[in-house]
Amino acid sequence: MRILKPVLTLLAAVALLSSGTACTPEQPPTPTPDDPELPESCALVLRVGTTRDFKSTSKFADYWYGVLSNLTTHDSLIKLGPDMLPTPWLARDWTISDDSMTFTFTIAENATWHDGTPLTPRDVQFSIEYYRDRDPQAGWMQEIIESVSVDGNDVVLQLTRPYGNLLTEFMTYSIVPEHIWADVEKPLEYQGTDRVIGSGPFTFVSWDAAAGKYVFDANEDYFQGVPNISRVEFHVYRTMDALVMALSRGEVDTWWDYSGEFPYTHVPPLQDSGEIDFATATFLGVPAALGFNLDEGPTVDFDFRKAITLAINYDQIANLVYAGYGTAPTYGFVPPTHPHFNDDVPRIIYDKEQAAALLDSLGYVDSNGDGLREGQDGRNLRLTLLTRGDMPGTLRVTEMVAADLRAVGIDSNVRALDSSTWVATKDAKDYDLVFFRATPWGTMMHASHGSGYFDSRRTGAGVLHNLDAAEYLDACDARLSTALPEEQERLDRELQQLHYEYLPGIALVWIESLYPYREGWNDWTIDHIYGGVVNSFSWFTVTAD
Amino acid sequence: MRLASHVKTNRLAMVGMIILWVFILGAVFAQLLMPHDPWRHFVPFMSPSVTHVLGTDDVGRDIFSELILGARVSLTVGFMAGLIAVGIGVLVGLLAGFRRGYLDEILMGLTDVVLVIPALPLVILVSVYLGPGIWYTILVIGLVFWPSTARVIRSQVLSVRQSGYVESARALGAGDGWLMRRHVLPNVLPLILAKFVLTVAAAMLMEASLSFLGLGDPMAKSWGMMLHYAFARGGFIREMWWWYVPPGVCISLCILSLTLISFSIEEGSDPRLRRALDR
Amino acid sequence: MADVSNAAPVQRHEHPTAAIGSRAVRYLAALFVIVTLNFLLPRMMPGDPVMNIVGEEAYYGSGEVLDALRADLGLDEALHVQYGRYMTGLVTGDWGYSYLYLQPVRESITLHLRWTLALVLPSVVLAALLAALLGSIAAWKRSSRTDVGLSGAHLLIYSMPHYWLAMLLLFMFSFKLGWFPLGRATSAGASELPYLIDVGWHMFLPLLVVTAFKAAYDFLIVRNSVVSILGEDYVLMAQAKGLSGMAVLFRHALRNALAPLVTVTAIQFGMVLSGALLVEVVFSWPGMGTLIYDAIGARDYPLLQSAFLIIAICVLIANFIADVLYPYLDPRTR
Amino acid sequence: MILEVRHLSTHYLVRHNPLARFGHRDHLIRAVDDVSFAVTAGEVFGIIGESGSGKTTLARTMLRLCDSTAGDVLHRGRSVFAMNSSELKQYRHSVQPVFQDADSTLDPRQHVGAILEEPLLIHGIGDAATRRQYIGGMLEQINLSPSFLQRHPSELSGGQRQRVALARSLLLNPEVLIADEPTSGLDPLVTTQVLALMLRLKQDHGLTLILISHDLETVAYASDRIAVMYRGRIVELSGGEDFAQRASHPYTRFLLGVERRVPEIPVLEGVHEHIHGAEDGCAYANSCPHHLHVCHSISPELRETSQGHLIACHAIAPE
């Protein structure tokens with residue numbers, strides 16, 4: 001008993017001490033004021049659930065917060081409208097010279113920063129130069145932009161060469177205040193609390209890392225008018241399951257994800273709850289795509305690639321993995337939501353017999369009767385399928401393709417890797433077939449229509465850069481260097497046709513995307529790029545009962 | 001062997017043995033027992049019925065068939081990883097305990113190092129490096145789980161080594177190899193067995209954890225991978241308990257039976273082992 | 001004390017508690033190896049951390065910008081230069097800058113370590129108390145229905161995958177019944193007492209899971225050692241002398257069970273720490289487990305290294321304390 | 001001179017954990033301290049001493065089961081400690097121990113047959129049939145029926161176990177048998193039986209026997225010469241027949257019961273206590289009724305006081 005007492009005391013002390021650790025209120029990484037009370041009368045609060053992994057309030061360093069800030073606290077010059085056309089935003093108007101070398105943006109006169117300072121064309125000029133010089137993601141600007149100048153209310157960009165995609169690119173770069181960033185050498189490491197100040201429809205209120213919650217309040221002085229919502233909160237959940245539970249329990253009102261599709265597997269419980277409605281829109285990106293190694297291996301042969309595309313059961317993928325919300329794609333890669341969609345490019349069909357015949361004609365036959373085809377060297381045909389291990393949907397698709405290939409006598413070795421290893425392996429061209437996905441923005445980057453994924457001159461984490469045919473590269477260059485709508489349309493259609501002719505990769509499915517929200521919320525606007533119902537346009541259209 | 005008879009007389013161990021054998025037989029005769037081809041697609045998200053005892057998963061595969069196939073994968077991972085870990089552990093433990101001196105210091109230093117590195121993060125880290133693949137998983141788990149065996153075996157070897165009969169045999173002129181083969185090894189065997197059984201359980205649990213985090217081999221359907229899919233593909237949120245409960249129950253039962261067996265081996269052998277196994 | 005007649009045929013006969021000095025040297029050596037491993041292992045992995053900073057869709061043309069970024073982060077230097085800087089940094093307290101959490105590594109580590117300790121330390125203490133109580137009751141009523149029930153329940157918990165139980169509880173109590181939040185550590189906004197209550201409310205389920213698993217292990221140890229001690233002569237003597245059951249249990253049996261319990265708790269500290277990882281992921285608990293998991297995904301070298309190092313140091317300290325404490329707790333070595 | 005021990009010392013260093021118990025220093029145990037004697041072929045050499053006197057360590061050192069700190073053991077003039085492994089194996093073929101507590105010297109997992117076969121296997125003697133024959137013959141000599149071959153040590157009585165251990169040592173046909181307390185733990189009747197058996201076997205096999213025991217009667221009964229050990233040293237060595245008559249060292253006389261000693265420190269505690277301080281001086285000085293001043297500072301050497309009679313004592317003058 002004598003020894004028991006001190007030991008118990010010790011244990012109790014440890015218990016107290018450790019609960020003490022929890023007692024110390026957390027210092028948020030950014031000092032934030034306590035959430036101010038909202039006036040009762042106009043308290044329309046939208047709570048948004050997301051599974052994106054936010055870490056901070058730095059729009060430069062935290063990729064996902066950067067995206068979020070473009071929706072809330074910051075404005076870009078133009079935005080992609082619901083009609084897929086460039087829409088005026090901070091730039092109320094713009095002109096492009098005939099040679100596509102000079103872009104002139106007229107800046108809205110009444111915009112102000114959240115700290116009260118007026119937003120001037122000089123801020124715009126500073127922002128573009130700042131991105132060009134300091135942001136690793138904006139490296140392309142160094143090559144393209146010759147000079148930026150201010151002329152009254154106009155900001156004039158002089159380019160080094162014709163660049164047709166500038167408007168699209170500028171949809172994602174938001175304007176930042178010069179008086180805050182001018183002295184910041186390393187935007188990635190800047191810790192100042194004023195890094196959250198922008199000119200957008202919402203002002204930053206707080207970020208609580210432990211609670212996983214951002215709060216933004218409506219900007220009463222917004223130059224486009226006051227948003228319909230007085231406060232928007234973003235709640236971060238680590239798993240989709242937790243998010244769906246939160247949705248059905250009413251902890252959040254809707255779901256947001258940049259360029260992601262809501263998992264169909266999680267839809268029925270929400271439908272059953274009877275309190276959730278869904279908005280629908282054709283997804284702009286490609287949720288599951290297949291690329292080929294064009295440098296070595298059997299996939300170098302066009303007919304072999306063609307045979308593979310014939311061997312895959314696209315309807316099964318659409319039905320099982322995408323719950324029937326998917327459709328079989330065309331060889332043109334991007335879905336019909338894209339402007340200048342080329343419906344002359346044929347649909348991909350599933351035809352096992354034709355695939356088998358094609359493989360037979362290439363000399364891949366099963367001579368030893370083990371159900372697998374052998375190559376000329378007598379060894380079994382075994383393809384390396386590179387896929388993402390951290391994405392269950394992609395894995396399911398990979399499994400199905402592997403099974404489909406087996407059905408035509410092709411063995412496969414599936415390598416499911418995490419994103420970083422996937423990138424390294426992909427860049428080393430250490431695969432025969434590679435599974436990837438194209439985000440809505442991704443399909444629009446570079447020369448648009450998915451060309452950013454295939455052009456061999458590009459580098460990047462998510463792109464294949466596997467096609468180096470001169471005809472294709474020329475088409476990309478031509479498309480990049482014109483801002484003329486008719487010319488762009490012609491080249492857009494050509495690029496889709498070239499995807500068919502060279503077959504660097506195919507979409508495996510196109511899908512209808514679902515966006516859940518609680519009943520009682522109405523009049524959403526759907527934005528294809530920024531993720532469904534939660535976007536810059538909805539702030540001004542959405543209403544609640 | 002006295003050990004075998006002891007296991008036989010111990011009721012709990014018998015229960016453990018029976019459960020384990022059911023799983024082992026299920027794994028061996030999976031081809032015969034599976035009612036459907038586990039790769040065939042039926043209608044997704046079906047509830048249990050006569051044709052599909054445990055319903056179907058998100059891509060319409062028969063869950064019961066997957067469960068049987070899962071026994072094969074999970075047990076393979078557990079036993080192979082256990083074999084590697086105990087193999088290394090026994091080798092290191094025997095060497096360190098028998099040779100003593102500098103070799104002992106070095107080996108035990110190494111053991112301490114590996115022992116102190118938190119296993120799960122290390123396994124995650126190395127798994128990410130190697131990429132998923134069932135053999136990588138086995139190798140990694142095997143390479144991480146040996147130190148406790150090495151320590152226990154070493155201390156047991158030390159005590160056997162100091163025993164009168166080893167001393168006598170040495171006085172008879174027996175060399176190190178002889179002592180190891182004839183006296184040390186037979187006397188640490190029950191301990192090795194108990195450690196092996198426990199390591200198999202730990203390896204199965206580790207594999208399940210890795211799979212849960214999405215680091216398992218997606219093409220080898222273990223129980224952990226089934227759970228991963230059940231959670232990642234809506235089984236959980238759709239309250240399909242027939243999907244996410246059975247694999248968990250199978251893992252738990254396997255580990256339970258292995259634990260019971262190892263406890264019984266411990267009790268049945270030298271009482272000194274009990275203390276040795278505490279560490 | 002040393003027994004000469006059974007001494008090993010070596011000249012240096014060690015005291016049973018072993019030379020703690022040499023143990024300390026060994027721990028230091030272990031620390032050095034861990035530090036080096038910490039440095040090398042993440043760098044051996046494929047994947048470029050810079051890629052994770054610039055994102056999936058970045059177009060980096062000539063690559064000059066990337067190189068500049070790499071140079072900025074010190075990733076372009078030779079391995080031994082990086083190693084040297086890493087070592088000096090460790091000693092001087094400069095643990096580098098986390099590319100993932102976008103703050104000095106030490107800040108993110110202390111932030112997350114606090115939440116993990118807030119979860120793990122009470123669990124360890126609660127589990128030990130619970131196990132001491134239930135374990136001795138089970139041992140006292142050996143082979144009774146109580147014993148079988150208690151042992152069975154603990155064995156069952158012992159056999160379950162942590163995260164599976166965590167998921168079941170989350171589903172049952174948070175989702176179905178709505179008694180607890182769906183994850184995270186706080187709801188934000190509160191302070192002082194409401195804040196504490198809020199944290200406790202968030203903590204309940206993860207705490208329950210971690211405690212249950214630790215208690216299941218401890219229970220088996222307490223029960224076994226109490227059972228074996230209850231059979232020893234002096235305890236039987238004490239009973240014969242007429243001491244009441246509870247007195248014998250607490251004065252003799254439980255006291256002897258404490259030594260292995262405390263030792264095992266210390267030694268297992270690392271296991272509990274890393275075991276909490278999965279529970280943390282399920283409950284979105286902002287602790288070290290979540291941190292490590294995210295850091296691996298993003299190849300955040302400095303963060304990974306430091307997180308590993310911290311856990312390894314925790315385990316080393318726990319082991320060392322156990323080594324030092326053991327002779328005081330175990331009456332047999334006194 | 002078949003076996004000679006020259007100034008043999010075996011010391012143990014006991015390290016103290018400074019963190020566990022503050023203030024305790026490491027200390028040295030002089031288990032065997034400067035011991036010299038020689039054994040001639042065919043004799044029975046007895047060593048007597050209380051537990052803790054270093055007898056067992058002496059035996060183990062002579063068998064090279066532990067390393068010596070100083071001095072040497074010579075077998076037919078060759079240093080045991082300088083032998084390479086094949087020479088050592090040969091040495092162990094010809095010098096065999098019988099340990100106290102046969103219970104622990106027999107592997108509990110082996111049956112008697114395997115235990116007896118082991119020495120033959122180690123030295124590669126005979127094929128399976130000859131080995132069985134040898135073992136059968138040996139069983140007969142130790143009065144055990146062949147049915148014992150299938151039994152485990154736990155199924156034998158203490159005397160039977162000791163006989164098995166004896167048989168195992170004798171199977172190699174050694175020249176020298178070092179028997180360390182071969183009869184401890186056995187009841188008197190069995191003790192006599194085992195001793196008689198040993199002497200008979202010694203006769204039959206032409207053995208040299210080193211008999212180590214704490215029991216004076218056992219040693220006196222069998223030995224040609226007797227050495228008395230006290231705390232690692234030999235204090236008296238003389239012929240066995242008139243041992244009792246000639247005994248003159250105070251400690252020997254105490255053992256014989258003809259003299260008291262000063263009951264100062266319990267013997268076992270003393271093993272450790274005496275180690276701290278006095279490195280020099282007679283170990284028995286504190287208990288000795290005859291101690292002189294010099295006894296506390298200078299340890300007495302073993303001197304021959306008369307023919308075949310050696311004593312280490314300052315108080316006894318040579319004859």
# chains A, B, ... in the order shown; residues from 1 in each chain; ligands from 1
call {"tool": "interface_residues", "arguments": {"of": "chain B", "to": "chain A", "cutoff": "9 Å", "atoms": "only C-alpha atoms", "output": "PyMOL selection string"}}
result
chain B and resi 39+41+43-44+58-60+128-133+213-219+228-229+231-239
call {"tool": "write_last_selection", "arguments": {"atoms": "N, CA and C atoms", "output": "mmCIF file, in the first residue's frame"}}
result
data_model
loop_
_atom_site.group_PDB
_atom_site.id
_atom_site.type_symbol
_atom_site.label_atom_id
_atom_site.label_comp_id
_atom_site.auth_asym_id
_atom_site.auth_seq_id
_atom_site.Cartn_x
_atom_site.Cartn_y
_atom_site.Cartn_z
ATOM 1 N N TRP B 39 -13.994 -12.284 -59.263
ATOM 2 C CA TRP B 39 -13.716 -11.147 -60.151
ATOM 3 C C TRP B 39 -14.898 -10.850 -61.070
ATOM 4 N N HIS B 41 -18.508 -9.530 -62.256
ATOM 5 C CA HIS B 41 -19.356 -8.406 -61.854
ATOM 6 C C HIS B 41 -20.834 -8.767 -61.933
ATOM 7 N N VAL B 43 -24.755 -7.285 -60.128
ATOM 8 C CA VAL B 43 -25.333 -5.967 -59.851
ATOM 9 C C VAL B 43 -24.659 -5.411 -58.592
ATOM 10 N N PRO B 44 -24.205 -4.145 -58.629
ATOM 11 C CA PRO B 44 -23.517 -3.613 -57.442
ATOM 12 C C PRO B 44 -24.461 -3.374 -56.270
ATOM 13 N N ASP B 58 -19.257 -2.659 -54.413
ATOM 14 C CA ASP B 58 -19.533 -1.488 -55.243
ATOM 15 C C ASP B 58 -19.438 -1.754 -56.735
ATOM 16 N N VAL B 59 -18.704 -2.810 -57.134
ATOM 17 C CA VAL B 59 -18.663 -3.125 -58.556
ATOM 18 C C VAL B 59 -19.306 -4.490 -58.810
ATOM 19 N N GLY B 60 -20.181 -4.894 -57.887
ATOM 20 C CA GLY B 60 -20.996 -6.075 -58.123
ATOM 21 C C GLY B 60 -20.295 -7.403 -57.917
ATOM 22 N N VAL B 128 5.444 3.220 -49.029
ATOM 23 C CA VAL B 128 5.279 4.267 -50.028
ATOM 24 C C VAL B 128 6.455 4.235 -50.990
ATOM 25 N N TYR B 129 7.641 4.000 -50.421
ATOM 26 C CA TYR B 129 8.852 3.972 -51.233
ATOM 27 C C TYR B 129 8.825 2.812 -52.221
ATOM 28 N N LEU B 130 8.460 1.643 -51.720
ATOM 29 C CA LEU B 130 8.494 0.460 -52.569
ATOM 30 C C LEU B 130 7.281 0.373 -53.484
ATOM 31 N N GLY B 131 6.190 1.009 -53.085
ATOM 32 C CA GLY B 131 4.960 0.869 -53.846
ATOM 33 C C GLY B 131 4.218 -0.356 -53.372
ATOM 34 N N PRO B 132 2.902 -0.377 -53.582
ATOM 35 C CA PRO B 132 2.152 -1.510 -53.074
ATOM 36 C C PRO B 132 2.453 -2.764 -53.872
ATOM 37 N N GLY B 133 2.374 -3.862 -53.225
ATOM 38 C CA GLY B 133 2.685 -5.146 -53.826
ATOM 39 C C GLY B 133 2.742 -6.080 -52.661
ATOM 40 N N LEU B 213 -5.122 2.295 -45.040
ATOM 41 C CA LEU B 213 -4.584 3.590 -45.449
ATOM 42 C C LEU B 213 -4.388 3.664 -46.960
ATOM 43 N N GLY B 214 -4.768 2.609 -47.657
ATOM 44 C CA GLY B 214 -4.664 2.623 -49.115
ATOM 45 C C GLY B 214 -3.287 2.263 -49.613
ATOM 46 N N LEU B 215 -2.480 1.625 -48.754
ATOM 47 C CA LEU B 215 -1.124 1.269 -49.169
ATOM 48 C C LEU B 215 -0.995 -0.221 -49.453
ATOM 49 N N GLY B 216 -2.115 -0.908 -49.459
ATOM 50 C CA GLY B 216 -2.064 -2.340 -49.732
ATOM 51 C C GLY B 216 -1.970 -2.595 -51.226
ATOM 52 N N ASP B 217 -1.846 -3.873 -51.569
ATOM 53 C CA ASP B 217 -1.801 -4.250 -52.975
ATOM 54 C C ASP B 217 -3.243 -4.353 -53.475
ATOM 55 N N PRO B 218 -3.643 -3.449 -54.368
ATOM 56 C CA PRO B 218 -5.050 -3.447 -54.780
ATOM 57 C C PRO B 218 -5.420 -4.692 -55.570
ATOM 58 N N MET B 219 -4.442 -5.387 -56.117
ATOM 59 C CA MET B 219 -4.778 -6.554 -56.910
ATOM 60 C C MET B 219 -4.815 -7.832 -56.074
ATOM 61 N N HIS B 228 -10.866 -1.531 -46.779
ATOM 62 C CA HIS B 228 -10.509 -0.271 -47.430
ATOM 63 C C HIS B 228 -11.560 0.117 -48.456
ATOM 64 N N TYR B 229 -11.914 -0.852 -49.294
ATOM 65 C CA TYR B 229 -12.909 -0.563 -50.320
ATOM 66 C C TYR B 229 -14.278 -0.301 -49.708
ATOM 67 N N PHE B 231 -14.919 1.081 -46.968
ATOM 68 C CA PHE B 231 -14.956 2.442 -46.431
ATOM 69 C C PHE B 231 -14.824 3.473 -47.552
ATOM 70 N N ALA B 232 -13.980 3.185 -48.535
ATOM 71 C CA ALA B 232 -13.712 4.183 -49.576
ATOM 72 C C ALA B 232 -14.821 4.236 -50.619
ATOM 73 N N ARG B 233 -15.551 3.145 -50.774
ATOM 74 C CA ARG B 233 -16.523 3.079 -51.860
ATOM 75 C C ARG B 233 -17.959 2.995 -51.351
ATOM 76 N N GLY B 234 -18.195 3.586 -50.202
ATOM 77 C CA GLY B 234 -19.569 3.817 -49.787
ATOM 78 C C GLY B 234 -20.251 2.713 -48.995
ATOM 79 N N GLY B 235 -19.547 1.605 -48.754
ATOM 80 C CA GLY B 235 -20.168 0.517 -48.001
ATOM 81 C C GLY B 235 -20.535 0.947 -46.601
ATOM 82 N N PHE B 236 -19.668 1.733 -46.033
ATOM 83 C CA PHE B 236 -19.850 2.182 -44.664
ATOM 84 C C PHE B 236 -21.033 3.134 -44.561
ATOM 85 N N ILE B 237 -21.032 4.133 -45.436
ATOM 86 C CA ILE B 237 -22.051 5.174 -45.348
ATOM 87 C C ILE B 237 -23.414 4.627 -45.761
ATOM 88 N N ARG B 238 -23.409 3.533 -46.555
ATOM 89 C CA ARG B 238 -24.676 2.939 -46.957
ATOM 90 C C ARG B 238 -25.130 1.891 -45.966
ATOM 91 N N GLU B 239 -24.431 1.813 -44.844
ATOM 92 C CA GLU B 239 -24.782 0.890 -43.760
ATOM 93 C C GLU B 239 -24.815 -0.553 -44.233
#
call {"tool": "interface_residues", "arguments": {"of": "chain B", "to": "chain D", "cutoff": "7 Å", "atoms": "only C-alpha atoms", "output": "PyMOL selection string"}}
result
chain B and resi 163-165+168+171-174
call {"tool": "residues_around", "arguments": {"residues": "A:Tyr350", "least_positions_apart": "3", "cutoff": "7 Å", "atoms": "only C-alpha atoms", "output": "list in words"}}
result
Leu310, Ala311, Ile312, Asn313 and Tyr314 of chain A
call {"tool": "residues_around", "arguments": {"residues": "stretch 6-8 of chain D", "least_positions_apart": "5", "cutoff": "6 Å", "atoms": "only C-alpha atoms", "output": "ChimeraX atom specification"}}
result
/D:34-36,70-72
call {"tool": "write_last_selection", "arguments": {"atoms": "N, CA and C atoms", "output": "PDB file, in the first residue's frame"}}
result
ATOM      1  N   ASP D  34      45.332 -17.373  -6.471  1.00  0.00           N
ATOM      2  CA  ASP D  34      46.697 -17.891  -6.367  1.00  0.00           C
ATOM      3  C   ASP D  34      46.748 -19.315  -5.811  1.00  0.00           C
ATOM      4  N   VAL D  35      46.111 -20.212  -6.536  1.00  0.00           N
ATOM      5  CA  VAL D  35      46.063 -21.609  -6.079  1.00  0.00           C
ATOM      6  C   VAL D  35      47.055 -22.446  -6.874  1.00  0.00           C
ATOM      7  N   SER D  36      47.806 -23.253  -6.181  1.00  0.00           N
ATOM      8  CA  SER D  36      48.748 -24.155  -6.862  1.00  0.00           C
ATOM      9  C   SER D  36      48.660 -25.539  -6.238  1.00  0.00           C
ATOM     10  N   ALA D  70      44.797 -15.143 -13.813  1.00  0.00           N
ATOM     11  CA  ALA D  70      46.246 -15.295 -13.815  1.00  0.00           C
ATOM     12  C   ALA D  70      46.563 -16.764 -13.564  1.00  0.00           C
ATOM     13  N   GLY D  71      47.796 -17.122 -13.824  1.00  0.00           N
ATOM     14  CA  GLY D  71      48.225 -18.491 -13.579  1.00  0.00           C
ATOM     15  C   GLY D  71      47.868 -19.414 -14.710  1.00  0.00           C
ATOM     16  N   ASP D  72      48.060 -20.699 -14.485  1.00  0.00           N
ATOM     17  CA  ASP D  72      47.915 -21.642 -15.584  1.00  0.00           C
ATOM     18  C   ASP D  72      47.469 -23.000 -15.061  1.00  0.00           C
TER      19      ASP D  72
END
call {"tool": "residues_around", "arguments": {"residues": "D:Met198", "least_positions_apart": "2", "cutoff": "10 Å", "atoms": "only C-alpha atoms", "output": "ChimeraX atom specification"}}
result
/D:142,163,166-167,177,179,182,192-196,200-204,207,209,222
call {"tool": "decode", "arguments": {"residues": "stretch 32-73 of chain B", "atoms": "C-alpha atoms", "output": "PDB file, in the first residue's frame"}}
result
ATOM      1  CA  LEU B  32     -13.760 -25.020 -54.184  1.00  0.00           C
ATOM      2  CA  LEU B  33     -15.507 -23.000 -51.510  1.00  0.00           C
ATOM      3  CA  MET B  34     -16.121 -19.770 -53.394  1.00  0.00           C
ATOM      4  CA  PRO B  35     -19.695 -19.793 -54.687  1.00  0.00           C
ATOM      5  CA  HIS B  36     -18.820 -17.310 -57.449  1.00  0.00           C
ATOM      6  CA  ASP B  37     -15.817 -16.081 -59.375  1.00  0.00           C
ATOM      7  CA  PRO B  38     -14.623 -13.265 -57.115  1.00  0.00           C
ATOM      8  CA  TRP B  39     -13.716 -11.147 -60.151  1.00  0.00           C
ATOM      9  CA  ARG B  40     -17.083 -11.437 -61.866  1.00  0.00           C
ATOM     10  CA  HIS B  41     -19.356  -8.406 -61.854  1.00  0.00           C
ATOM     11  CA  PHE B  42     -22.972  -8.779 -60.794  1.00  0.00           C
ATOM     12  CA  VAL B  43     -25.333  -5.967 -59.851  1.00  0.00           C
ATOM     13  CA  PRO B  44     -23.517  -3.613 -57.442  1.00  0.00           C
ATOM     14  CA  PHE B  45     -24.581  -2.955 -53.848  1.00  0.00           C
ATOM     15  CA  MET B  46     -26.882  -5.960 -53.496  1.00  0.00           C
ATOM     16  CA  SER B  47     -28.137  -6.931 -50.056  1.00  0.00           C
ATOM     17  CA  PRO B  48     -27.553 -10.454 -48.783  1.00  0.00           C
ATOM     18  CA  SER B  49     -29.646 -13.063 -50.534  1.00  0.00           C
ATOM     19  CA  VAL B  50     -29.592 -16.789 -51.168  1.00  0.00           C
ATOM     20  CA  THR B  51     -27.339 -16.451 -54.227  1.00  0.00           C
ATOM     21  CA  HIS B  52     -25.142 -13.822 -52.626  1.00  0.00           C
ATOM     22  CA  VAL B  53     -24.885 -14.693 -48.960  1.00  0.00           C
ATOM     23  CA  LEU B  54     -23.146 -11.434 -48.112  1.00  0.00           C
ATOM     24  CA  GLY B  55     -24.435  -9.373 -51.013  1.00  0.00           C
ATOM     25  CA  THR B  56     -22.233  -7.656 -53.592  1.00  0.00           C
ATOM     26  CA  ASP B  57     -19.772  -4.785 -53.396  1.00  0.00           C
ATOM     27  CA  ASP B  58     -19.533  -1.488 -55.243  1.00  0.00           C
ATOM     28  CA  VAL B  59     -18.663  -3.125 -58.556  1.00  0.00           C
ATOM     29  CA  GLY B  60     -20.996  -6.075 -58.123  1.00  0.00           C
ATOM     30  CA  ARG B  61     -18.571  -8.690 -56.889  1.00  0.00           C
ATOM     31  CA  ASP B  62     -19.763 -11.431 -54.563  1.00  0.00           C
ATOM     32  CA  ILE B  63     -18.586 -10.399 -51.102  1.00  0.00           C
ATOM     33  CA  PHE B  64     -18.639 -13.903 -49.644  1.00  0.00           C
ATOM     34  CA  SER B  65     -16.334 -15.162 -52.398  1.00  0.00           C
ATOM     35  CA  GLU B  66     -14.026 -12.210 -51.826  1.00  0.00           C
ATOM     36  CA  LEU B  67     -14.008 -13.000 -48.123  1.00  0.00           C
ATOM     37  CA  ILE B  68     -12.832 -16.554 -48.771  1.00  0.00           C
ATOM     38  CA  LEU B  69     -10.180 -15.368 -51.191  1.00  0.00           C
ATOM     39  CA  GLY B  70      -9.203 -12.756 -48.595  1.00  0.00           C
ATOM     40  CA  ALA B  71      -8.346 -15.503 -46.114  1.00  0.00           C
ATOM     41  CA  ARG B  72      -5.731 -16.733 -48.536  1.00  0.00           C
ATOM     42  CA  VAL B  73      -4.118 -13.327 -49.003  1.00  0.00           C
TER      43      VAL B  73
END
